[in-house]
>>> print(open('target36.cif').read())   # mmCIF, C-alpha atoms
data_final
loop_
_atom_site.label_atom_id
_atom_site.label_comp_id
_atom_site.auth_asym_id
_atom_site.auth_seq_id
_atom_site.Cartn_x
_atom_site.Cartn_y
_atom_site.Cartn_z
CA MET A 1 -91.00 2.76 22.60
CA GLN A 2 -90.33 -0.89 23.29
CA VAL A 3 -93.06 -3.44 22.56
CA SER A 4 -93.38 -7.18 23.07
CA LEU A 5 -92.64 -9.56 20.24
CA LYS A 6 -96.33 -10.50 20.10
CA ASN A 7 -97.50 -6.91 19.63
CA TYR A 8 -94.63 -6.16 17.24
CA THR A 9 -95.62 -9.13 15.04
CA LEU A 10 -99.34 -8.33 15.23
CA ARG A 11 -98.74 -4.70 14.24
CA TYR A 12 -96.80 -5.51 11.08
CA LEU A 13 -99.02 -8.43 10.13
CA SER A 14 -102.05 -6.12 10.41
CA ILE A 15 -100.40 -3.58 8.11
CA ALA A 16 -99.37 -6.30 5.67
CA PHE A 17 -102.87 -7.79 5.62
CA LEU A 18 -104.36 -4.34 4.98
CA ILE A 19 -102.06 -3.69 2.00
CA ILE A 20 -102.52 -7.17 0.55
CA ILE A 21 -106.31 -7.12 0.90
CA THR A 22 -106.54 -3.63 -0.62
CA ILE A 23 -104.52 -4.64 -3.69
CA TRP A 24 -106.38 -7.93 -3.96
CA ALA A 25 -109.76 -6.14 -3.68
CA ALA A 26 -108.92 -3.77 -6.54
CA LEU A 27 -107.80 -6.62 -8.78
CA PHE A 28 -110.77 -8.80 -7.79
CA TYR A 29 -113.22 -5.96 -8.46
CA ALA A 30 -111.76 -5.32 -11.92
CA PHE A 31 -111.80 -9.04 -12.72
CA ILE A 32 -115.42 -9.47 -11.59
CA LEU A 33 -116.62 -6.49 -13.63
CA GLU A 34 -114.77 -7.74 -16.69
CA GLU A 35 -116.31 -11.16 -16.30
CA VAL A 36 -119.82 -9.73 -15.77
CA TYR A 37 -119.60 -7.49 -18.83
CA ASP A 38 -118.20 -10.30 -20.94
CA ASN A 39 -121.12 -12.58 -20.05
CA VAL A 40 -123.66 -9.78 -20.54
CA ASP A 41 -122.15 -8.87 -23.94
CA ASP A 42 -122.38 -12.48 -25.08
CA GLY A 43 -126.01 -12.56 -24.02
CA LEU A 44 -126.77 -9.33 -25.91
CA LYS A 45 -125.16 -10.67 -29.08
CA ASN A 46 -127.18 -13.87 -28.87
CA GLN A 47 -130.33 -11.83 -28.23
CA LYS A 48 -129.54 -9.76 -31.37
CA ILE A 49 -129.50 -12.91 -33.51
CA LEU A 50 -132.85 -14.03 -32.09
CA ILE A 51 -134.45 -10.60 -32.60
CA LEU A 52 -133.28 -10.39 -36.25
CA ARG A 53 -134.77 -13.84 -36.95
CA GLU A 54 -138.08 -12.73 -35.47
CA VAL A 55 -138.02 -9.53 -37.51
CA TYR A 56 -137.60 -11.47 -40.75
CA GLU A 57 -140.48 -13.76 -39.79
CA HIS A 58 -142.68 -11.01 -38.34
CA PRO A 59 -141.95 -7.66 -40.06
CA ARG A 60 -144.41 -5.90 -37.74
CA LEU A 61 -141.64 -5.91 -35.12
CA LEU A 62 -140.00 -3.13 -37.13
CA GLU A 63 -142.53 -0.83 -35.49
CA THR A 64 -141.05 -1.48 -31.98
CA ASN A 65 -139.52 1.94 -31.47
CA GLU A 66 -139.70 1.99 -27.64
CA TYR A 67 -138.16 -0.25 -25.02
CA GLY A 68 -140.76 -2.71 -23.87
CA ILE A 69 -140.89 -5.99 -22.09
CA ASN A 70 -138.27 -7.50 -24.43
CA GLN A 71 -135.90 -4.56 -23.75
CA PHE A 72 -135.12 -3.65 -27.37
CA ARG A 73 -136.22 -1.02 -29.88
CA ILE A 74 -135.91 -0.60 -33.64
CA THR A 75 -135.72 2.80 -35.31
CA PRO A 76 -135.41 3.65 -39.00
CA VAL A 77 -132.16 5.19 -40.24
CA ASP A 78 -132.50 8.88 -41.11
CA ASP A 79 -128.93 9.34 -42.23
CA GLU A 80 -127.23 6.42 -43.93
CA ASP A 81 -123.83 7.91 -43.02
CA ASP A 82 -124.70 7.06 -39.44
CA PHE A 83 -125.51 3.44 -40.33
CA SER A 84 -123.26 0.47 -39.41
CA GLU A 85 -123.79 -3.22 -38.93
CA GLU A 86 -120.97 -3.39 -36.37
CA ASN A 87 -121.80 -4.12 -32.71
CA TYR A 88 -121.22 -1.21 -30.30
CA LEU A 89 -121.44 -1.89 -26.58
CA ASP A 90 -121.75 0.78 -23.95
CA ASN A 91 -122.90 1.46 -20.37
CA GLU A 92 -125.82 3.79 -19.79
CA PHE A 93 -128.22 4.74 -17.02
CA PHE A 94 -132.01 4.58 -17.46
CA TYR A 95 -134.74 5.72 -15.12
CA MET A 96 -136.57 2.86 -13.39
CA PRO A 97 -140.02 3.74 -11.98
CA TYR A 98 -139.95 0.89 -9.46
CA ASP A 99 -136.74 2.08 -7.80
CA ASP A 100 -137.41 5.71 -8.66
CA GLU A 101 -133.77 6.16 -9.63
CA MET A 102 -131.34 5.74 -12.49
CA GLU A 103 -130.10 2.19 -12.90
CA PRO A 104 -127.07 0.92 -14.88
CA TYR A 105 -127.67 -0.96 -18.16
CA ARG A 106 -125.48 -2.56 -20.78
CA VAL A 107 -126.57 -1.42 -24.29
CA LEU A 108 -125.76 -3.03 -27.64
CA ARG A 109 -126.21 -0.81 -30.73
CA THR A 110 -126.06 -2.16 -34.27
CA GLY A 111 -127.70 -1.82 -37.68
CA PHE A 112 -129.44 -4.24 -40.05
CA TYR A 113 -131.41 -4.34 -43.32
CA ALA A 114 -135.05 -5.31 -43.14
CA PRO A 115 -136.66 -7.72 -45.64
CA ASP A 116 -137.56 -4.68 -47.74
CA GLN A 117 -133.81 -3.72 -47.75
CA LYS A 118 -134.37 -0.60 -45.69
CA PRO A 119 -131.73 0.13 -43.00
CA TYR A 120 -132.73 0.16 -39.35
CA HIS A 121 -131.03 0.79 -35.97
CA LEU A 122 -131.34 -1.90 -33.32
CA GLU A 123 -130.74 -1.15 -29.61
CA ILE A 124 -130.82 -3.93 -27.01
CA ARG A 125 -130.36 -3.30 -23.32
CA THR A 126 -130.06 -5.45 -20.21
CA SER A 127 -129.70 -4.56 -16.57
CA THR A 128 -126.23 -5.03 -15.01
CA VAL A 129 -124.88 -4.96 -11.50
CA GLU A 130 -124.92 -1.67 -9.67
CA GLU A 131 -121.25 -0.86 -9.23
CA ASP A 132 -121.80 1.23 -6.11
CA ASP A 133 -123.68 -1.63 -4.45
CA LEU A 134 -121.00 -4.07 -5.60
CA ILE A 135 -118.27 -1.86 -4.15
CA LEU A 136 -120.16 -1.50 -0.87
CA ASN A 137 -120.78 -5.24 -0.55
CA LEU A 138 -117.24 -6.10 -1.54
CA THR A 139 -115.82 -3.57 0.93
CA THR A 140 -118.01 -4.90 3.72
CA ALA A 141 -116.94 -8.46 3.00
CA LEU A 142 -113.26 -7.48 2.89
CA VAL A 143 -113.46 -5.50 6.13
CA VAL A 144 -115.01 -8.52 7.83
CA LEU A 145 -112.29 -10.73 6.31
CA TYR A 146 -109.58 -8.34 7.51
CA LEU A 147 -110.95 -8.26 11.05
CA VAL A 148 -111.25 -12.04 11.09
CA LEU A 149 -107.64 -12.40 9.92
CA VAL A 150 -106.30 -9.96 12.52
CA LEU A 151 -108.37 -11.59 15.25
CA GLY A 152 -107.19 -15.00 14.07
CA VAL A 153 -103.54 -13.92 14.23
CA TYR A 154 -104.11 -12.46 17.70
CA LEU A 155 -105.72 -15.69 18.92
CA ILE A 156 -102.92 -17.74 17.38
CA ASN A 157 -100.43 -15.51 19.20
CA GLU A 158 -102.28 -15.94 22.46
CA LEU A 159 -103.09 -19.64 22.28
CA VAL A 160 -100.29 -21.12 20.19
CA LEU A 161 -97.28 -18.80 20.00
CA ARG A 162 -97.47 -17.87 23.68
CA ARG A 163 -97.04 -21.52 24.53
CA ALA A 164 -94.35 -21.97 21.89
CA TRP A 165 -92.38 -18.96 23.21
CA ARG A 166 -92.73 -19.94 26.89
CA PRO A 167 -89.27 -21.63 26.98
CA PHE A 168 -87.75 -18.44 25.62
CA ARG A 169 -89.33 -16.42 28.43
CA ILE A 170 -87.97 -18.93 30.96
CA ILE A 171 -84.50 -18.53 29.45
CA LEU A 172 -84.77 -14.73 29.75
CA GLU A 173 -85.94 -15.05 33.35
CA ASN A 174 -83.03 -17.37 34.14
CA LEU A 175 -80.60 -14.90 32.59
CA ASN A 176 -82.04 -12.16 34.77
CA LEU A 177 -81.88 -14.27 37.95
CA TYR A 178 -78.49 -15.85 37.37
CA ARG A 179 -75.64 -14.97 39.70
CA PHE A 180 -72.23 -16.61 39.93
CA GLY A 181 -72.48 -19.84 41.88
CA LYS A 182 -76.27 -19.61 42.27
CA LYS A 183 -78.15 -21.93 39.93
CA GLU A 184 -80.64 -23.40 42.39
CA ASP A 185 -83.23 -20.69 41.65
CA LEU A 186 -83.16 -21.22 37.88
CA LYS A 187 -86.09 -22.91 36.18
CA PRO A 188 -85.47 -25.91 33.91
CA VAL A 189 -86.29 -25.45 30.24
CA SER A 190 -88.39 -28.26 28.77
CA THR A 191 -89.32 -27.91 25.11
CA ASN A 192 -89.38 -29.81 21.83
CA ILE A 193 -88.19 -26.75 19.90
CA VAL A 194 -84.64 -27.40 18.73
CA GLU A 195 -83.56 -23.74 18.62
CA PHE A 196 -84.62 -23.06 22.22
CA ASN A 197 -82.85 -26.19 23.44
CA GLN A 198 -79.70 -25.13 21.61
CA LEU A 199 -79.96 -21.61 23.07
CA ASP A 200 -80.36 -22.98 26.60
CA GLU A 201 -77.40 -25.35 26.15
CA GLU A 202 -75.18 -22.57 24.83
CA ILE A 203 -76.12 -20.27 27.71
CA HIS A 204 -75.33 -22.98 30.28
CA ARG A 205 -72.04 -23.67 28.49
CA MET A 206 -71.21 -19.96 28.65
CA TRP A 207 -72.11 -19.88 32.36
CA ARG A 208 -69.82 -22.83 33.06
CA ARG A 209 -66.92 -21.16 31.25
CA ASN A 210 -67.51 -17.89 33.12
CA GLU A 211 -67.72 -19.65 36.48
CA GLU A 212 -64.53 -21.56 35.80
CA VAL A 213 -62.71 -18.31 34.99
CA PHE A 214 -64.28 -16.60 37.99
CA ASP A 215 -63.32 -19.47 40.31
CA ASP A 216 -59.76 -19.37 38.98
CA GLN A 217 -59.59 -15.66 39.67
CA LYS A 218 -60.95 -16.09 43.20
CA ARG A 219 -58.45 -18.89 43.94
CA PHE A 220 -55.63 -16.77 42.56
CA ILE A 221 -56.62 -13.77 44.71
CA GLU A 222 -57.00 -15.91 47.81
CA ASN A 223 -53.73 -17.77 47.28
CA ALA A 224 -51.86 -14.59 46.44
CA ALA A 225 -53.29 -12.85 49.51
CA HIS A 226 -52.30 -15.79 51.73
CA GLU A 227 -48.80 -15.87 50.30
CA LEU A 228 -48.39 -12.11 50.75
CA GLN A 229 -49.37 -12.09 54.42
CA THR A 230 -46.14 -13.58 55.78
CA PRO A 231 -43.60 -11.51 53.78
CA LEU A 232 -45.59 -8.34 54.47
CA ALA A 233 -45.63 -9.00 58.21
CA ILE A 234 -41.90 -9.81 58.20
CA THR A 235 -41.10 -6.66 56.22
CA ILE A 236 -43.11 -4.43 58.57
CA ASN A 237 -41.42 -5.96 61.61
CA LYS A 238 -37.99 -5.39 60.10
CA LEU A 239 -38.89 -1.78 59.31
CA GLU A 240 -40.03 -1.26 62.90
CA MET A 241 -36.77 -2.73 64.19
CA LEU A 242 -34.80 -0.60 61.77
CA MET A 243 -36.62 2.56 62.89
CA GLU A 244 -35.38 1.92 66.45
CA ASP A 245 -31.80 2.52 65.30
CA GLU A 246 -30.73 5.79 66.91
CA SER A 247 -28.14 6.43 64.25
CA LEU A 248 -30.81 7.12 61.57
CA THR A 249 -31.39 10.67 60.49
CA GLU A 250 -34.77 12.36 60.56
CA THR A 251 -35.02 12.12 56.76
CA GLN A 252 -34.31 8.39 56.85
CA LEU A 253 -36.89 7.88 59.60
CA THR A 254 -39.46 9.78 57.53
CA GLN A 255 -38.76 7.61 54.50
CA LEU A 256 -39.02 4.45 56.60
CA ALA A 257 -42.31 5.69 58.09
CA ASP A 258 -43.69 6.33 54.60
CA SER A 259 -42.62 2.85 53.53
CA LYS A 260 -44.24 1.33 56.60
CA SER A 261 -47.46 3.27 55.90
CA SER A 262 -47.50 1.99 52.33
CA LEU A 263 -47.00 -1.55 53.54
CA ARG A 264 -49.82 -1.10 56.06
CA ARG A 265 -52.12 -0.05 53.22
CA LEU A 266 -50.99 -3.11 51.30
CA VAL A 267 -51.77 -5.29 54.33
CA ASN A 268 -55.25 -3.75 54.59
CA LEU A 269 -55.81 -4.30 50.89
CA ASN A 270 -54.64 -7.88 51.27
CA LYS A 271 -57.05 -8.45 54.16
CA ALA A 272 -59.93 -6.88 52.22
CA LEU A 273 -59.28 -9.09 49.18
CA LEU A 274 -59.10 -12.15 51.41
CA MET A 275 -62.40 -11.23 53.01
CA LEU A 276 -64.06 -10.72 49.61
CA SER A 277 -62.78 -14.08 48.47
CA ARG A 278 -64.05 -15.81 51.62
CA ILE A 279 -67.44 -14.11 51.37
CA GLU A 280 -67.87 -15.15 47.74
CA ASN A 281 -66.71 -18.67 48.57
CA LYS A 282 -69.37 -18.78 51.31
CA GLN A 283 -66.89 -19.60 54.04
CA TYR A 284 -68.92 -17.68 56.65
CA LYS A 285 -71.52 -20.39 57.23
CA ASP A 286 -72.35 -19.79 60.90
CA VAL A 287 -75.73 -18.07 60.52
CA LYS A 288 -77.98 -17.02 63.36
CA ARG A 289 -80.63 -14.42 64.12
CA ILE A 290 -78.97 -11.19 65.22
CA SER A 291 -80.08 -7.63 65.93
CA LEU A 292 -78.40 -4.95 63.85
CA ASN A 293 -79.50 -2.43 66.48
CA GLN A 294 -77.10 -4.12 68.90
CA ILE A 295 -74.33 -4.18 66.28
CA VAL A 296 -74.79 -0.45 65.66
CA GLY A 297 -74.55 0.24 69.40
CA GLU A 298 -71.32 -1.75 69.76
CA ILE A 299 -69.65 -0.17 66.75
CA SER A 300 -70.76 3.34 67.78
CA GLU A 301 -68.72 2.94 70.97
CA ASP A 302 -65.72 1.57 69.06
CA PHE A 303 -65.68 4.57 66.69
CA GLN A 304 -66.26 7.20 69.39
CA ASP A 305 -62.61 8.33 69.26
CA PHE A 306 -62.74 8.82 65.51
CA LEU A 307 -65.98 10.77 65.82
CA SER A 308 -64.49 13.03 68.49
CA PHE A 309 -61.29 13.58 66.48
CA LYS A 310 -63.26 14.86 63.46
CA ASP A 311 -65.82 16.62 65.65
CA ILE A 312 -68.65 14.60 64.06
CA THR A 313 -72.03 14.38 65.76
CA LEU A 314 -73.66 10.94 65.78
CA GLN A 315 -77.43 10.65 66.05
CA VAL A 316 -79.09 7.23 66.29
CA GLU A 317 -82.88 6.94 66.14
CA GLU A 318 -84.51 3.55 66.65
CA TYR A 319 -88.14 2.99 65.66
CA GLY A 320 -87.96 -0.79 65.73
CA THR A 321 -85.61 -3.76 65.87
CA PHE A 322 -83.88 -4.76 62.62
CA ASP A 323 -83.43 -8.54 63.01
CA VAL A 324 -81.74 -10.56 60.29
CA SER A 325 -80.36 -14.07 59.86
CA MET A 326 -76.67 -13.80 58.98
CA ASN A 327 -73.15 -14.44 60.19
CA LYS A 328 -72.31 -12.15 63.10
CA ASP A 329 -68.75 -11.49 61.90
CA LEU A 330 -70.10 -10.38 58.53
CA ALA A 331 -72.71 -8.20 60.25
CA LEU A 332 -69.91 -6.48 62.18
CA VAL A 333 -67.92 -5.94 58.99
CA LEU A 334 -71.03 -4.68 57.18
CA ILE A 335 -71.91 -2.03 59.76
CA SER A 336 -68.23 -1.15 60.41
CA ASN A 337 -67.63 -0.43 56.73
CA LEU A 338 -70.71 1.77 56.56
CA PHE A 339 -69.47 3.63 59.67
CA ARG A 340 -65.94 4.02 58.24
CA ASN A 341 -67.33 5.30 54.97
CA ALA A 342 -69.56 7.83 56.77
CA ILE A 343 -66.60 9.06 58.85
CA ARG A 344 -63.93 8.98 56.14
CA TYR A 345 -65.94 11.06 53.68
CA ASN A 346 -67.47 13.40 56.23
CA ILE A 347 -66.44 16.97 56.98
CA LYS A 348 -65.02 18.59 60.08
CA GLY A 349 -67.92 19.31 62.41
CA GLY A 350 -70.23 17.16 60.28
CA ARG A 351 -73.06 14.85 61.23
CA ILE A 352 -73.98 11.17 60.96
CA ALA A 353 -77.63 10.16 61.31
CA ILE A 354 -78.67 6.51 61.70
CA ASN A 355 -82.34 5.55 61.48
CA ILE A 356 -83.46 2.01 62.27
CA ASP A 357 -86.84 0.32 62.05
CA GLN A 358 -88.00 -3.26 61.52
CA ASN A 359 -87.21 -3.37 57.81
CA HIS A 360 -84.82 -0.51 57.20
CA LEU A 361 -81.44 0.77 58.41
CA ALA A 362 -80.14 4.04 56.95
CA VAL A 363 -76.70 5.59 57.53
CA ALA A 364 -76.62 9.23 56.39
CA ASN A 365 -73.63 11.56 56.54
CA THR A 366 -72.74 15.09 55.55
CA GLY A 367 -69.89 15.57 53.10
CA ASN A 368 -69.17 16.71 49.59
CA GLN A 369 -72.36 18.26 48.19
CA VAL A 370 -72.13 16.24 44.99
CA LYS A 371 -74.13 13.09 44.38
CA LEU A 372 -71.98 9.97 43.98
CA ASN A 373 -72.11 7.79 40.89
CA GLN A 374 -74.75 5.16 41.77
CA GLU A 375 -73.53 2.81 39.05
CA LYS A 376 -69.94 2.73 40.37
CA ILE A 377 -70.23 3.39 44.10
CA PHE A 378 -70.24 -0.34 44.99
CA ASN A 379 -67.62 -1.36 42.41
CA ARG A 380 -64.29 -2.70 43.57
CA PHE A 381 -61.42 -0.20 43.73
CA HIS A 382 -63.76 2.71 43.02
CA LYS A 383 -62.52 5.51 45.28
CA GLY A 384 -63.81 8.96 46.06
CA THR A 385 -61.62 11.97 45.50
CA GLN A 386 -61.62 12.97 49.15
CA ASP A 387 -59.34 10.23 50.50
CA SER A 388 -56.37 8.91 48.56
CA GLN A 389 -55.60 6.45 51.38
CA SER A 390 -58.72 4.38 50.66
CA ASN A 391 -58.30 1.06 48.89
CA GLY A 392 -61.75 1.31 47.28
CA LEU A 393 -62.99 -2.00 48.70
CA GLY A 394 -65.08 -0.95 51.71
CA LEU A 395 -68.40 -0.53 49.91
CA ALA A 396 -67.59 -3.43 47.57
CA ILE A 397 -67.37 -5.65 50.69
CA VAL A 398 -70.69 -4.23 51.88
CA LYS A 399 -72.32 -5.12 48.54
CA SER A 400 -70.75 -8.59 48.54
CA ILE A 401 -72.04 -9.30 52.06
CA VAL A 402 -75.55 -8.07 51.20
CA ASP A 403 -75.62 -10.16 48.00
CA THR A 404 -74.82 -13.23 50.11
CA TYR A 405 -78.16 -12.91 51.91
CA PRO A 406 -81.23 -12.81 49.60
CA GLU A 407 -83.39 -11.09 52.22
CA LEU A 408 -81.18 -7.97 52.20
CA SER A 409 -80.54 -5.18 49.72
CA VAL A 410 -78.42 -2.04 49.80
CA ASP A 411 -78.72 1.20 47.88
CA TYR A 412 -77.44 4.76 47.84
CA ARG A 413 -79.15 8.12 47.42
CA PHE A 414 -78.38 11.78 47.99
CA ALA A 415 -81.15 13.52 49.93
CA LYS A 416 -81.35 16.72 51.98
CA ASN A 417 -77.63 17.41 51.38
CA MET A 418 -76.66 14.07 52.91
CA HIS A 419 -75.28 10.84 51.47
CA VAL A 420 -77.56 8.00 52.53
CA PHE A 421 -76.73 4.28 52.43
CA SER A 422 -79.75 2.09 53.18
CA LEU A 423 -80.07 -1.55 54.17
CA LYS A 424 -83.51 -2.98 53.48
CA LYS A 425 -85.29 -6.26 53.98
CA ILE A 426 -86.68 -7.77 50.79
CA ARG A 427 -90.10 -9.16 51.56
#
>>> encode(input="target36.cif", output="structure tokens")
Amino acid sequence: MQVSLKNYTLRYLSIAFLIIITIWAALFYAFILEEVYDNVDDGLKNQKILILREVYEHPRLLETNEYGINQFRITPVDDEDDFSEENYLDNEFFYMPYDDEMEPYRVLRTGFYAPDQKPYHLEIRTSTVEEDDLILNLTTALVVLYLVLVLGVYLINELVLRRAWRPFRIILENLNLYRFGKKEDLKPVSTNIVEFNQLDEEIHRMWRRNEEVFDDQKRFIENAAHELQTPLAITINKLEMLMEDESLTETQLTQLADSKSSLRRLVNLNKALLMLSRIENKQYKDVKRISLNQIVGEISEDFQDFLSFKDITLQVEEYGTFDVSMNKDLALVLISNLFRNAIRYNIKGGRIAINIDQNHLAVANTGNQVKLNQEKIFNRFHKGTQDSQSNGLGLAIVKSIVDTYPELSVDYRFAKNMHVFSLKKIR
């Protein structure tokens, strides 16, 4: 699943923060406990020295065999094998009446000789932090810290990075809107970020190179088509004159007819390429408001013979007037090519249905019951398998004309066993 750069960054930063804080919390907890116990142990050792001094001055303290206010007790040694003057530190839990629960204590155990040289045990205790409370408090603090960090990153993304990445979004939008020869709709990129400026400059440099190549190709096609017109016309005329020779055999006449047919196809291809070049060069500048309903009516009459020859039924339903601002010659070519396509790829005894309303014109025809490739149907020289005589430029011209006028769009779909080409107004 695709996500935005902001959410992608926030997701991985959140995971990274969680891992870092967890490791840091464990280390911090261990360090704090070590520091607490070290300070407590030093205090117990100092307290031991003070207690031993008091014992030597006041021997009655040797009778303190229960923990009292001073939190120590002295007990006589029953077994001298168990006697040691070393300091032993340990953690223990003692019952506290006030809290009515067991509380953690740090206990120092050692031995000493009284003034009468008898051995005694000395135990000193002091209350320490409750580790469960410390863990709870530390966890609460770290959860709050984690949430603050994630929220902070989110706010930085929203308030700072969104503004910083705005030029990048403009560049993406320009890339999406860009069409050859159409730069007036592109937004200028204004930013102090060096990388975005470099990216924008490189993209414009790439566009200029592509347009130069594209313009060269268009000029070559147009010039070649112009240059081919005269020799093609001369060759066809000579073939027609040659076919009038009565001395030619039937085989020779057939070969000449095939050659003439091939040249005619070449002439049609030449005219189609010339038209594409002129459309893309915006040479059809005479624009006025026209009714496509009227254009459909005119062309329907022109193609009546073709419809009768293939026994195709034409049905036109008008629910409104499709008005559009465009060149009338291009409108005629647009509708004519849709008509030719519907007739050429139809079946004997088939049907053509045209529906028109204010914002939509659909040309549907019966034919091969296989959906056409929507990605290639409007490509140049893409031909169906039903007609080898096609030059594959009819629908490409339709698409080129529609792309010339921003208020129009064209698409294809296969519905109810019919191939449907639709012109729509873009609101």
>>> resolve_selection(input="target36.cif", expression="the PyMOL selection byres ((chain A and resi 330) around 10)", output="PyMOL selection string")
chain A and resi 275+279+284+286-287+326-329+331-336+397-398+401-402
>>> atom_distance(input="target36.cif", atom1="atom CA of Phe17 of chain A", atom2="atom CA of Leu142 of chain A")
10.7 Å
>>> closest_residue(input="target36.cif", among="A:Asp411, A:Asn346, A:Lys371, A:Leu13", to="Leu147 of chain A", atoms="all atoms listed in the file")
A:Leu13
>>> residues_around(input="target36.cif", residues="Gln358 of chain A", least_positions_apart="5", cutoff="7 Å", atoms="all atoms listed in the file", output="list in words")
Gly320, Thr321 and Phe322 of chain A
>>> closest_residue(input="target36.cif", among="A:Glu407, A:Glu202, A:Asp79, A:Glu123", to="Arg109 of chain A", atoms="all atoms listed in the file")
A:Glu123
>>> atom_distance(input="target36.cif", atom1="atom CA of Ile15 of chain A", atom2="atom CA of Leu172 of chain A")
28.9 Å
>>> residues_around(input="target36.cif", residues="Leu395 of chain A", least_positions_apart="6", cutoff="8 Å", atoms="only C-alpha atoms", output="PyMOL selection string")
chain A and resi 337-338+341+377-380
>>> atom_distance(input="target36.cif", atom1="atom CA of Gly350 of chain A", atom2="atom CA of Asn373 of chain A")
21.6 Å
>>> closest_residue(input="target36.cif", among="A:Leu408, A:Leu10, A:Ala396, A:Met241", to="Leu151 of chain A", atoms="all atoms listed in the file")
A:Leu10
>>> resolve_selection(input="target36.cif", expression="the PyMOL selection byres ((chain A and resi 89) around 12)", output="list of chain:residue names")
A:Tyr37, A:Asp38, A:Val40, A:Asp41, A:Asp42, A:Gly43, A:Leu44, A:Lys45, A:Glu86, A:Asn87, A:Tyr88, A:Asp90, A:Asn91, A:Glu92, A:Tyr105, A:Arg106, A:Val107, A:Leu108, A:Arg109, A:Thr110, A:Leu122, A:Glu123, A:Ile124, A:Arg125, A:Thr126
>>> closest_residue(input="target36.cif", among="A:Leu269, A:Asp323, A:Ile170, A:Arg264", to="Ile290 of chain A", atoms="all atoms listed in the file")
A:Asp323
>>> resolve_selection(input="target36.cif", expression="the PyMOL selection byres ((chain A and resi 362) around 12)", output="ChimeraX atom specification")
/A:292-293,296,315-319,322,335,338-339,342,352-361,363-365,409-415,418-425
>>> residues_around(input="target36.cif", residues="Lys260 of chain A", least_positions_apart="6", cutoff="9 Å", atoms="all atoms listed in the file", output="count of residues only")
4
>>> residues_around(input="target36.cif", residues="Pro167 of chain A", least_positions_apart="2", cutoff="10 Å", atoms="all atoms listed in the file", output="PDB file with C-alpha atoms, in the coordinates of the input")
ATOM      1  CA  ARG A 162     -97.470 -17.870  23.680  1.00  0.00           C
ATOM      2  CA  ARG A 163     -97.040 -21.520  24.530  1.00  0.00           C
ATOM      3  CA  ALA A 164     -94.350 -21.970  21.890  1.00  0.00           C
ATOM      4  CA  TRP A 165     -92.380 -18.960  23.210  1.00  0.00           C
ATOM      5  CA  ARG A 169     -89.330 -16.420  28.430  1.00  0.00           C
ATOM      6  CA  ILE A 170     -87.970 -18.930  30.960  1.00  0.00           C
ATOM      7  CA  ILE A 171     -84.500 -18.530  29.450  1.00  0.00           C
ATOM      8  CA  LEU A 172     -84.770 -14.730  29.750  1.00  0.00           C
ATOM      9  CA  GLU A 173     -85.940 -15.050  33.350  1.00  0.00           C
ATOM     10  CA  LYS A 187     -86.090 -22.910  36.180  1.00  0.00           C
ATOM     11  CA  PRO A 188     -85.470 -25.910  33.910  1.00  0.00           C
ATOM     12  CA  VAL A 189     -86.290 -25.450  30.240  1.00  0.00           C
ATOM     13  CA  SER A 190     -88.390 -28.260  28.770  1.00  0.00           C
ATOM     14  CA  THR A 191     -89.320 -27.910  25.110  1.00  0.00           C
ATOM     15  CA  ASN A 192     -89.380 -29.810  21.830  1.00  0.00           C
ATOM     16  CA  ILE A 193     -88.190 -26.750  19.900  1.00  0.00           C
ATOM     17  CA  PHE A 196     -84.620 -23.060  22.220  1.00  0.00           C
ATOM     18  CA  ASN A 197     -82.850 -26.190  23.440  1.00  0.00           C
ATOM     19  CA  ASP A 200     -80.360 -22.980  26.600  1.00  0.00           C
TER      20      ASP A 200
END
>>> closest_residue(input="target36.cif", among="A:Asp258, A:Asn46, A:Ile19, A:Gln117", to="Pro59 of chain A", atoms="only C-alpha atoms")
A:Gln117
>>> closest_residue(input="target36.cif", among="A:Ala224, A:Phe112, A:Leu242, A:Tyr405", to="Glu85 of chain A", atoms="only C-alpha atoms")
A:Phe112
>>> axis_aligned_box(input="target36.cif", around="segment 296-308 of chain A", padding_each_side="3 Å", output="lines of an AutoDock Vina configuration file")
center_x = -68.7
center_y = 5.6
center_z = 68.2
size_x = 18.2
size_y = 20.8
size_z = 11.5
